[in-house]
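Q: Supplied in structure tokens, the structure appears directly below.
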Amino acid sequence: MVGTLGVIWAALSSVLTLASWPLFVPAHDPFSSAHDTFELQKSWGVYSPFHAVAEYSPPPQGCEISQVNILHRHGARLPSVSQSEDILSGVNKLQSVQVYTDSRLDFMNTFVYSLGENLLVPLGAMQSFESGENAFRRYSSLVQEDDIPFVRASGMSRVVETAKNWTAGFATASNDVYSPRLSLILSEEGNDTLQDNNCPNAASSHREMNQWLDVYGPPITSRLNSWAPGANLTNDDIHGLMMLCAFHTVASVPYGYKAGSPLPFSPFCSLFTPAEFESFEYSSDLDKYYSTGYGGHLGRVQGVGYINELLARLTASPVVDHTSTNTTLDSDPATFPLNRTIYADFTHDSPLIAVFGTLGLFNTPKLSTTHPEPTRGWRASEMMTFSTRMVVEKLICDQSIRGRGVSNAYVRIMVNEVAQPLTFCGAKETGPRKGLCRFDAFLESQSYARHNGEGDWEKCFI
Ligand SMILES: *[C@@H]1O[C@H](CO)[C@@H](O)[C@H](O)[C@H]1NC(C)=O
Ligand SMILES: *[C@@H]1O[C@H](CO)[C@@H](O)[C@H](O)[C@H]1NC(C)=O
Ligand SMILES: *[C@@H]1O[C@H](CO)[C@@H](O)[C@H](O)[C@H]1NC(C)=O
Ligand SMILES: *[C@@H]1O[C@H](CO)[C@@H](O)[C@H](O)[C@H]1NC(C)=O
Ligand SMILES: *[C@@H]1O[C@H](CO)[C@@H](O)[C@H](O)[C@H]1NC(C)=O
């Protein structure tokens, strides 16, 4: 299968991977991109580094932003403990083999696995810093000496470090005129609206991910076993090695990396084709959909606590919630002020996915575990990258068209800069006020949250 050119490319690629994959690939090699536009780092699902999926559009003419609520996932990180085990299983099997039949594996002769676990990596810190800079630049007119962002983070190190890098970016962009602090860290041991730790009966997506792995995994597994005879890799090992491509790459990005320049792709990435990475991306879509997404029977309810906090801020009135909020914290103006203009909360992917569901964003029919729909609107590589941010803007729009000078409040929501359609609260699908919901209609649309999940919260415990 691998012709002379392929061998030359494989040899070259071990030199070039660090700088240029997938740019320098011969067109006829199956490992080169089938489509020239394939961007490897956008096929890693929830392990894709942040990238803006659209360009931010300022509010329409006649509208001014009056409040901003940012819900932000932590930046790129190291694998978790259990992910490290899955990854090491494949790595150890490959390294137990003496002879590889394909030179793409030769790097394994000297490879030493030393990633570590859980922590934010420099790329994650830098992308969060940039996010803070962007937030200041975009919303500087809303910031005043006595009105700087109120910032909370869920208590895990990578989330806390993300929040601190964001505040540092915000301060830097303001020439240190405004220096928001990380105001509050929520313990992940207790009631925490920024973590999905409060619903013991919630679904896991293992079954759906495994069904899909049984579809796309076997051909990859047999190819890699033919490259490393005797390694006895399983489909699960393949999933681990594909994750490693993402984790090894994001962990290899040094401080000082310039946004948009090529990533130092891991040599593990060159073991798989673009089509295989598309399959890997889908496993991430299934993972999120069937756990805290629409496919998890107790997914949406886990976003209720945050949404009730959001509604409290938008209406400047006390939090009303009987789910995952901490009432002690939320009833104290020192830990839950209601008079700020910018709020920023730092969280994980799963609770943020739950919040999308509570709101009604990305509402997608049941995902097949065998046949991915190519045009699906549920794509983790776009909606849940590292450092993903959902921004809820409250707008005050002039109604001067009718000549009455009446002001009216609206809401719009961006996820990774993509303005969401908000059809669930009656937003227009075209025209200058596309994607804007009337404030009252938006509040009305959140009745699932306002009713504490309409009985679903209780199901978390019985
Ligand atoms: C918010 O309320 C607190 C406590 O009453 C006060 O100290 C602070 O100045 C207020 N901030 C704004 C922006 O009104
Ligand atoms: C940013 O994150 C990095 C990595 O976790 C951390 O070492 C650094 O202290 C953070 N920066 C700030 C300003 O907190
Ligand atoms: C609520 O927050 C307070 C103050 O941080 C903390 O002492 C308490 O343990 C929290 N309760 C729960 C149930 O999370
Ligand atoms: C793979 O399986 C063969 C046959 O059962 C066994 O001899 C070999 O030790 C296994 N290799 C690994 C890496 O476990
Ligand atoms: C924590 O959540 C539980 C379950 O909803 C609730 O019964 C309890 O009152 C909450 N505790 C606090 C301090 O808010």
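Residues in the structure tokens are named by chain (A, B, ... in the order shown) and by number from 1 within that chain; ligands are numbered from 1 in the order shown.
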Taking the DSSP secondary structure from the backbone, can you list the residues of stretch 82-246 of chain A that are alpha helix (DSSP H), as a PyMOL selection string?
A: chain A and resi 82-95+122-139+157-173+206-227+235-246
Q: Let's have the selection written as a compact mmCIF listing (two decimals), in the first residue's frame, with C-alpha atoms.
A:
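After the write, again05.txt holds the following:
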```txt
# COMPACT_ATOMS: atom_id res chain seq x y z
CA SER A 82 -8.72 7.75 33.15
CA GLN A 83 -7.86 9.14 29.71
CA SER A 84 -4.17 8.69 30.52
CA GLU A 85 -4.83 5.02 31.27
CA ASP A 86 -6.63 4.57 27.94
CA ILE A 87 -3.80 6.32 26.12
CA LEU A 88 -1.02 4.42 27.85
CA SER A 89 -2.59 1.07 27.09
CA GLY A 90 -2.04 1.64 23.35
CA VAL A 91 1.34 3.30 23.78
CA ASN A 92 2.67 0.43 25.91
CA LYS A 93 1.41 -2.20 23.48
CA LEU A 94 3.07 -0.42 20.57
CA GLN A 95 6.32 -0.09 22.50
CA PRO A 122 0.30 26.86 27.87
CA LEU A 123 -1.93 26.91 24.78
CA GLY A 124 -4.98 26.80 27.04
CA ALA A 125 -3.61 29.62 29.16
CA MET A 126 -2.77 31.74 26.10
CA GLN A 127 -6.15 31.23 24.45
CA SER A 128 -7.90 32.18 27.69
CA PHE A 129 -5.71 35.26 28.06
CA GLU A 130 -6.64 36.27 24.49
CA SER A 131 -10.28 35.71 25.32
CA GLY A 132 -9.96 38.15 28.23
CA GLU A 133 -8.25 40.68 25.95
CA ASN A 134 -11.05 40.33 23.41
CA ALA A 135 -13.70 40.76 26.09
CA PHE A 136 -12.14 44.03 27.24
CA ARG A 137 -11.76 45.37 23.70
CA ARG A 138 -15.30 44.43 22.77
CA TYR A 139 -17.01 45.67 25.91
CA SER A 157 -7.20 23.83 38.90
CA ARG A 158 -7.51 24.05 35.12
CA VAL A 159 -10.74 26.05 35.43
CA VAL A 160 -9.31 28.38 38.06
CA GLU A 161 -6.16 28.96 35.98
CA THR A 162 -8.30 29.66 32.92
CA ALA A 163 -10.25 32.30 34.84
CA LYS A 164 -7.04 33.90 36.13
CA ASN A 165 -5.52 34.02 32.67
CA TRP A 166 -8.73 35.57 31.35
CA THR A 167 -8.69 38.28 34.02
CA ALA A 168 -4.98 38.88 33.29
CA GLY A 169 -5.80 39.29 29.58
CA PHE A 170 -8.65 41.66 30.41
CA ALA A 171 -6.40 43.76 32.64
CA THR A 172 -3.57 43.81 30.10
CA ALA A 173 -5.87 44.97 27.31
CA HIS A 206 -20.30 4.91 27.03
CA ARG A 207 -22.79 2.69 25.24
CA GLU A 208 -23.31 5.07 22.32
CA MET A 209 -19.58 5.79 21.98
CA ASN A 210 -18.83 2.07 21.96
CA GLN A 211 -21.46 1.36 19.32
CA TRP A 212 -19.83 3.92 17.06
CA LEU A 213 -16.31 2.69 17.88
CA ASP A 214 -17.42 -0.78 16.74
CA VAL A 215 -18.28 0.80 13.38
CA TYR A 216 -15.24 2.97 12.66
CA GLY A 217 -12.58 1.31 14.82
CA PRO A 218 -11.94 -2.16 13.31
CA PRO A 219 -10.27 -1.14 10.00
CA ILE A 220 -7.96 1.24 11.89
CA THR A 221 -7.19 -1.38 14.51
CA SER A 222 -6.25 -3.99 11.93
CA ARG A 223 -4.08 -1.56 9.99
CA LEU A 224 -2.13 -0.51 13.07
CA ASN A 225 -1.79 -4.15 14.14
CA SER A 226 -0.35 -4.88 10.71
CA TRP A 227 2.15 -2.05 11.20
CA ASN A 235 -10.50 -0.57 19.20
CA ASP A 236 -10.30 1.12 22.60
CA ASP A 237 -6.55 1.51 22.15
CA ILE A 238 -7.18 3.22 18.82
CA HIS A 239 -9.49 5.71 20.49
CA GLY A 240 -6.77 6.38 23.06
CA LEU A 241 -4.09 6.88 20.40
CA MET A 242 -6.30 9.28 18.44
CA MET A 243 -6.92 11.28 21.63
CA LEU A 244 -3.16 11.28 22.14
CA CYS A 245 -2.69 13.03 18.78
CA ALA A 246 -4.79 15.89 20.17
```
Q: When the cut-off is 8 Å and you count only C-alpha atoms and all ligand atoms, which residues lie near ligand 3, shown as a ChimeraX atom specification?
A: /A:186-187,189-192,325-329
Q: Any residue with an atom at most 7 Å from ligand 1 counts, using only C-alpha atoms and all ligand atoms. Which are they? Put them as a PyMOL selection string.
A: chain A and resi 146-147+333+337+339-340
Q: Can you work out which residues are within 6 Å of ligand 4, considering only C-alpha atoms and all ligand atoms, and then hand them over as a ChimeraX atom specification?
A: /A:93,96,230-232
Q: Rounded to one decimal place, report the atom CA of A:Asp349-atom CA of A:Asn197 distance in Å.
A: 12.5 Å
Q: Show me, as a list in words, the residues that have an atom within 7 Å of stretch 201-203 of chain A when counting only C-alpha atoms, minus same-chain residues fewer than 5 positions from it.
A: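 My list of contacting residues is Ser291, Gly296, His297, Leu298, Gly299, Cys460 and Phe461 of chain A.
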Q: Could you save those same residues with N, CA and C atoms as a compact mmCIF listing (two decimals), in the first residue's frame?
A:
```txt
# COMPACT_ATOMS: atom_id res chain seq x y z
N SER A 291 -24.61 12.39 27.04
CA SER A 291 -24.39 12.54 28.48
C SER A 291 -25.18 13.75 28.99
N GLY A 296 -29.13 12.68 26.69
CA GLY A 296 -29.00 12.17 28.07
C GLY A 296 -30.30 12.48 28.81
N HIS A 297 -30.91 11.50 29.45
CA HIS A 297 -32.25 11.74 30.01
C HIS A 297 -32.23 12.79 31.12
N LEU A 298 -31.10 13.00 31.78
CA LEU A 298 -31.02 14.07 32.78
C LEU A 298 -29.92 15.06 32.39
N GLY A 299 -29.85 15.37 31.11
CA GLY A 299 -28.85 16.31 30.62
C GLY A 299 -29.27 17.75 30.87
N CYS A 460 -32.83 12.98 39.54
CA CYS A 460 -31.38 12.85 39.73
C CYS A 460 -31.08 11.99 40.95
N PHE A 461 -32.04 11.90 41.86
CA PHE A 461 -31.75 11.28 43.16
C PHE A 461 -32.56 10.02 43.44
```
Q: Rank A:Val320, A:Leu71, A:Ile353, A:Val392 by their smallest atom-to-atom distance to ligand 5, using only C-alpha atoms and all ligand atoms, and report the top residue only.
A: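 Smallest separation from ligand 5 among the options: A:Val320.
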Q: From the set A:Ser66, A:Asn416, A:Asn408, A:Ser103, which residue has the shortest atom-to-atom contact distance to A:Arg438, counting only C-alpha atoms?
A: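 Between A:Ser66, A:Asn416, A:Asn408, A:Ser103, the residue approaching A:Arg438 most closely is A:Asn408.
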Q: Counting only C-alpha atoms and all ligand atoms, which residue out of A:Leu184, A:Val304, A:Val53, A:Met156 sits closest to ligand 5?
A: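 Ranked by minimum distance to ligand 5, first place goes to A:Val304.
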Q: Between A:Lys288, A:His51, A:Arg77, A:His72, which is the closest to ligand 2 once you count only C-alpha atoms and all ligand atoms?
A: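 Smallest separation from ligand 2 among the options: A:Arg77.
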Q: What parts of stretch 364-432 of chain A does DSSP call strand (DSSP E)? I'd like the answer as a list in words.
A: Arg389, Met390, Val391, Val392, Glu393, Lys394, Leu395, Ile396, Cys397, Asp398, Ser407, Asn408, Ala409, Tyr410, Val411, Arg412, Ile413, Met414, Val415, Val418 and Ala419 of chain A
Q: So the first atom is atom CA of A:Gly357 and the second is atom CA of A:Leu286; what is the distance between them in Å, to one decimal place?
A: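 For atom CA of A:Gly357 relative to atom CA of A:Leu286, the distance reads 14.6 Å.
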